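Structure data follow from structure.cif (mmCIF, C-alpha atoms):
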```cif
data_protein
loop_
_atom_site.label_atom_id
_atom_site.label_comp_id
_atom_site.auth_asym_id
_atom_site.auth_seq_id
_atom_site.Cartn_x
_atom_site.Cartn_y
_atom_site.Cartn_z
CA MET H 578 83.88 93.75 106.04
CA THR H 579 84.14 93.52 102.28
CA THR H 580 87.69 92.86 101.22
CA GLY H 581 87.20 94.05 97.66
CA THR H 582 88.87 93.16 94.41
CA ARG H 583 92.29 94.66 93.94
CA GLU H 584 93.20 96.07 90.55
CA MET H 585 96.89 96.83 90.13
CA ARG H 586 97.40 99.60 87.59
CA PHE H 587 100.91 100.82 88.38
CA LEU H 588 103.41 101.24 85.57
CA LEU H 589 105.80 98.68 87.05
CA ALA H 590 103.22 96.34 88.62
CA ASP H 591 103.88 93.36 86.32
CA PRO H 592 107.71 93.35 86.30
CA GLU H 593 107.78 94.17 90.01
CA GLY H 594 105.47 91.25 90.72
CA ARG H 595 107.73 88.84 88.85
CA ILE H 596 110.82 90.09 90.68
CA LEU H 597 109.11 89.85 94.07
CA ARG H 598 107.86 86.30 93.42
CA ALA H 599 111.35 85.22 92.38
CA LEU H 600 112.84 86.76 95.54
CA ALA H 601 110.13 85.28 97.77
CA ALA H 602 110.88 81.79 96.47
CA ARG H 603 114.48 82.17 97.70
CA VAL H 604 113.72 83.56 101.16
CA PRO H 605 114.70 81.09 103.94
CA ARG H 606 111.76 79.45 105.72
CA SER H 607 112.93 80.93 109.02
CA ILE H 608 112.08 84.43 107.73
CA ARG H 609 108.39 85.31 107.94
CA SER H 610 106.29 88.12 106.50
CA ASN H 611 106.35 90.04 109.79
CA HIS H 612 110.16 90.10 109.70
CA LEU H 613 110.05 91.73 106.26
CA THR H 614 107.44 94.23 107.46
CA ALA H 615 109.85 95.22 110.23
CA ILE H 616 112.62 95.65 107.65
CA GLY H 617 110.34 97.96 105.67
CA LEU H 618 109.72 100.08 108.75
CA ILE H 619 113.46 100.29 109.43
CA GLY H 620 114.00 101.38 105.82
CA ALA H 621 111.37 104.12 106.09
CA ALA H 622 112.78 105.43 109.38
CA GLY H 623 116.30 105.28 107.94
CA ALA H 624 115.29 107.16 104.78
CA GLY H 625 113.55 109.89 106.77
CA THR H 626 116.54 110.27 109.09
CA ALA H 627 118.99 110.37 106.18
CA TYR H 628 116.99 113.07 104.40
CA ALA H 629 116.95 115.17 107.57
CA LEU H 630 120.72 114.76 107.93
CA THR H 631 121.35 116.15 104.43
CA THR H 632 121.11 119.54 106.15
CA TYR H 633 124.61 118.83 107.47
CA LYS H 634 126.02 116.78 104.60
CA PRO H 635 124.54 116.15 101.12
CA ALA H 636 126.21 112.71 101.04
CA TRP H 637 123.34 111.46 103.22
CA LEU H 638 121.29 111.44 100.02
CA TRP H 639 123.07 108.20 99.06
CA VAL H 640 122.08 106.68 102.39
CA ALA H 641 118.50 107.81 101.81
CA SER H 642 118.50 105.98 98.46
CA ALA H 643 119.80 102.79 100.08
CA MET H 644 117.14 103.02 102.78
CA LEU H 645 114.42 103.51 100.15
CA VAL H 646 115.54 100.25 98.53
CA LEU H 647 115.38 98.55 101.94
CA ASN H 648 111.93 100.01 102.51
CA TRP H 649 110.77 98.65 99.14
CA LEU H 650 112.21 95.23 99.89
CA GLY H 651 110.42 94.89 103.21
CA ASP H 652 107.21 96.71 102.35
CA SER H 653 106.62 94.93 99.03
CA LEU H 654 108.04 91.49 99.72
CA ASP H 655 106.11 90.74 102.92
CA GLY H 656 102.76 90.24 101.19
CA THR H 657 104.33 88.38 98.26
CA LEU H 658 106.08 86.01 100.64
CA ALA H 659 102.77 85.20 102.35
CA ARG H 660 101.05 84.54 99.02
CA VAL H 661 103.88 82.37 97.67
CA ARG H 662 103.80 80.24 100.83
CA GLY H 663 100.02 80.13 100.93
CA THR H 664 99.88 81.78 104.35
CA GLN H 665 98.29 85.09 103.42
CA ARG H 666 96.90 87.16 106.27
CA PRO H 667 93.74 88.65 104.69
CA LYS H 668 92.49 90.84 107.55
CA TYR H 669 95.56 91.07 109.75
CA GLY H 670 97.91 91.69 106.83
CA TYR H 671 95.56 94.19 105.20
CA TYR H 672 95.31 96.17 108.43
CA LEU H 673 99.06 95.97 109.05
CA ASP H 674 99.86 97.11 105.50
CA HIS H 675 97.78 100.27 105.96
CA VAL H 676 99.35 101.11 109.31
CA VAL H 677 102.89 100.51 108.02
CA ASP H 678 102.16 102.51 104.87
CA ALA H 679 100.94 105.46 106.94
CA PHE H 680 104.00 105.33 109.21
CA SER H 681 106.44 104.98 106.30
CA THR H 682 104.88 107.87 104.38
CA SER H 683 104.96 110.09 107.46
CA MET H 684 108.60 109.28 108.27
CA ILE H 685 109.89 109.79 104.73
CA GLY H 686 107.77 112.90 104.16
CA LEU H 687 108.90 114.47 107.43
CA GLY H 688 112.54 113.71 106.61
CA ILE H 689 112.22 115.31 103.18
CA GLY H 690 110.59 118.34 104.79
CA LEU H 691 113.52 118.69 107.18
CA SER H 692 116.02 118.58 104.34
CA PRO H 693 117.35 121.85 102.89
CA TYR H 694 115.71 121.18 99.52
CA VAL H 695 112.00 121.24 100.36
CA ASP H 696 109.71 123.48 102.42
CA LEU H 697 108.49 121.67 105.55
CA GLY H 698 104.92 122.92 105.15
CA LEU H 699 104.68 121.54 101.62
CA ALA H 700 106.09 118.19 102.66
CA LEU H 701 103.68 117.87 105.58
CA GLY H 702 100.80 118.91 103.33
CA LEU H 703 101.69 116.13 100.89
CA VAL H 704 101.81 113.61 103.73
CA VAL H 705 98.40 114.65 105.06
CA VAL H 706 96.71 114.57 101.64
CA TYR H 707 98.38 111.25 100.76
CA LEU H 708 97.10 109.71 103.99
CA ALA H 709 93.63 111.12 103.28
CA LEU H 710 93.68 109.48 99.85
CA SER H 711 94.85 106.19 101.39
CA ILE H 712 92.02 106.26 103.92
CA ASN H 713 89.59 107.00 101.11
CA VAL H 714 90.84 103.94 99.19
CA TYR H 715 90.20 101.80 102.26
CA LEU H 716 86.70 103.24 102.72
CA GLU H 717 85.89 102.72 99.05
CA SER H 718 86.88 99.06 99.33
CA THR H 719 84.71 98.66 102.43
CA VAL H 720 81.64 100.44 101.04
CA PHE H 721 81.71 99.58 97.33
CA GLY H 722 83.63 96.28 97.39
CA VAL H 723 85.97 97.04 94.48
CA PHE H 724 88.90 99.40 94.59
CA LYS H 725 92.08 100.25 92.76
CA ILE H 726 95.41 100.31 94.58
CA SER H 727 96.13 103.66 93.01
CA TYR H 728 94.47 106.69 91.50
CA GLY H 729 96.67 106.50 88.46
CA ARG H 730 99.77 104.82 87.07
CA ILE H 731 102.14 106.02 89.77
CA GLY H 732 102.42 103.84 92.86
CA PRO H 733 104.79 103.50 95.84
CA THR H 734 107.50 101.75 93.81
CA GLU H 735 107.45 104.40 91.10
CA VAL H 736 107.65 107.14 93.75
CA ARG H 737 110.65 105.45 95.40
CA LEU H 738 112.45 105.20 92.05
CA LEU H 739 111.69 108.86 91.37
CA LEU H 740 113.12 109.84 94.76
CA ILE H 741 116.25 107.77 94.13
CA ALA H 742 116.67 109.45 90.72
CA LEU H 743 116.29 112.88 92.31
CA ASN H 744 118.77 111.94 95.05
CA THR H 745 121.28 110.98 92.37
CA LEU H 746 120.68 114.17 90.40
CA VAL H 747 121.13 116.38 93.45
CA GLY H 748 124.16 114.34 94.54
CA PHE H 749 125.97 114.94 91.25
CA TRP H 750 124.59 118.44 90.67
CA PRO H 751 124.41 120.12 94.09
CA SER H 752 123.38 123.53 92.78
CA PRO H 753 120.38 125.25 94.40
CA THR H 754 117.28 123.21 93.67
CA SER H 755 114.88 124.49 96.33
CA LEU H 756 112.85 126.69 93.97
CA VAL H 757 112.27 123.92 91.42
CA ALA H 758 111.58 121.32 94.11
CA ASN H 759 109.08 123.48 95.97
CA TRP H 760 107.22 124.51 92.83
CA THR H 761 107.06 120.86 91.73
CA LEU H 762 105.73 119.77 95.11
CA GLY H 763 103.23 122.64 95.10
CA VAL H 764 101.80 121.52 91.75
CA ILE H 765 101.66 117.89 92.92
CA LEU H 766 99.92 118.92 96.15
CA ALA H 767 97.32 120.96 94.26
CA CYS H 768 96.62 118.02 91.94
CA MET H 769 96.29 115.62 94.88
CA ILE H 770 93.83 117.95 96.65
CA ALA H 771 91.75 118.26 93.47
CA LEU H 772 91.82 114.48 93.08
CA PHE H 773 90.68 113.92 96.66
CA VAL H 774 87.85 116.46 96.39
CA GLY H 775 86.71 114.97 93.08
CA ARG H 776 86.84 111.42 94.38
CA PHE H 777 85.01 112.39 97.58
CA ALA H 778 82.25 114.12 95.62
CA ARG H 779 81.90 111.13 93.29
CA ASN H 780 81.59 108.75 96.22
CA LEU H 781 78.89 110.89 97.82
CA TYR H 782 77.02 110.87 94.51
CA ARG H 783 77.27 107.08 94.29
CA LEU H 784 76.07 106.70 97.87
CA ALA H 785 73.15 109.02 97.18
CA LYS H 786 72.06 106.74 94.33
CA LEU H 787 72.58 103.55 96.35
CA GLU H 788 70.75 104.72 99.49
CA PRO H 789 68.73 107.84 98.66
CA GLN H 790 66.45 107.43 101.69
CA ARG H 791 69.38 107.39 104.12
CA PHE H 792 71.52 109.96 102.39
CA ARG H 793 69.35 112.97 103.19
CA TRP H 794 71.08 113.86 106.43
CA TRP H 795 69.70 117.39 106.33
CA GLU H 796 66.11 116.24 106.83
CA PRO H 797 64.68 115.81 110.36
CA GLU H 798 64.59 112.26 111.74
CA GLY H 799 61.40 110.44 110.79
CA LYS H 800 60.36 112.88 108.06
CA PRO H 801 59.19 111.03 104.91
#
```
Could you render the structure from this file as structure tokens?
Amino acid sequence: MTTGTREMRFLLADPEGRILRALAARVPRSIRSNHLTAIGLIGAAGAGTAYALTTYKPAWLWVASAMLVLNWLGDSLDGTLARVRGTQRPKYGYYLDHVVDAFSTSMIGLGIGLSPYVDLGLALGLVVVYLALSINVYLESTVFGVFKISYGRIGPTEVRLLLIALNTLVGFWPSPTSLVANWTLGVILACMIALFVGRFARNLYRLAKLEPQRFRWWEPEGKP
């Protein structure tokens, strides 16, 4: 399998990398990357649960923010710790990162959907399309060898910071925000669907140029 060349394009990629390397250098040797991955999972589950509990008390938004920080710490620091120590897990870690990312996205998205601020259908739609885009990134890296860790300048860290900012805004200004939130999510979902369709079509076009003789699936087997 081709591992590909990663190109980090996120807005905060450089400062985040410096912070993570500084933190990784101070992590005790008894703590391994897998321990941090587990912490990231706990943070994702905690954030999703806290969002769901805002139905009963808006103060759970503060807990959700704290859990998002914990999720970032575990999810982002595990790979950095392995690289700093020279014990990177190329295949195992790459596979684990994708599985954990899918689980974390699903947990947080479901929790947001169960909150009183966002329609559940929209939240689940965002989760499904996000996972489809993530799978497409993986397939692009496997087929073409080079991939970008994002489709733009917004990555997981930027999304977490945006969620924390929204949590704070809603916490201090608890007026009805469902209409604005749902319209915002609807626009984002439409853009993500358009992005996925466009990326999928572009990949098919590239494959057709790379292997034109094998790409004509509509022709009978053995036909020249």
| task | List the residues selected by the PyMOL selection byres ((chain H and resi 772-781) around 10) in the file shown, writing them as a list of chain:residue names. | result | H:Val706, H:Tyr707, H:Ala709, H:Leu710, H:Ser711, H:Asn713, H:Val714, H:Leu716, H:Glu717, H:Val720, H:Phe721, H:Tyr728, H:Leu766, H:Ala767, H:Cys768, H:Met769, H:Ile770, H:Ala771, H:Tyr782, H:Arg783, H:Leu784, H:Ala785, H:Lys786, H:Leu787, H:Phe792
| field | Residues matched by the PyMOL selection byres ((chain H and resi 737) around 12) as a PyMOL selection string | value | chain H and resi 589+620-621+624+641-650+652-653+681-682+685-686+731-736+738-744
Going by the chain IDs and residue numbers used in this file, which residues fall under the PyMOL selection byres ((chain H and resi 761-764) around 12)? Write them as JSON, numbers by chain. {"H": [686, 689, 690, 694, 695, 696, 697, 698, 699, 700, 701, 702, 703, 704, 754, 755, 756, 757, 758, 759, 760, 765, 766, 767, 768, 769, 770, 771]}
* Asked: For the atom pair atom CA of H:Asp674 and atom CA of H:Tyr628, what is the interatomic distance in Å to one decimal place?
  ->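 Atom CA of H:Tyr628 lies at a distance of 23.4 Å from atom CA of H:Asp674.
Distances from H:Gly688, H:Gly625, H:Gly594, H:Gly617 to H:Val676 were compared using all atoms listed in the file, and the smallest one belongs to H:Gly617.
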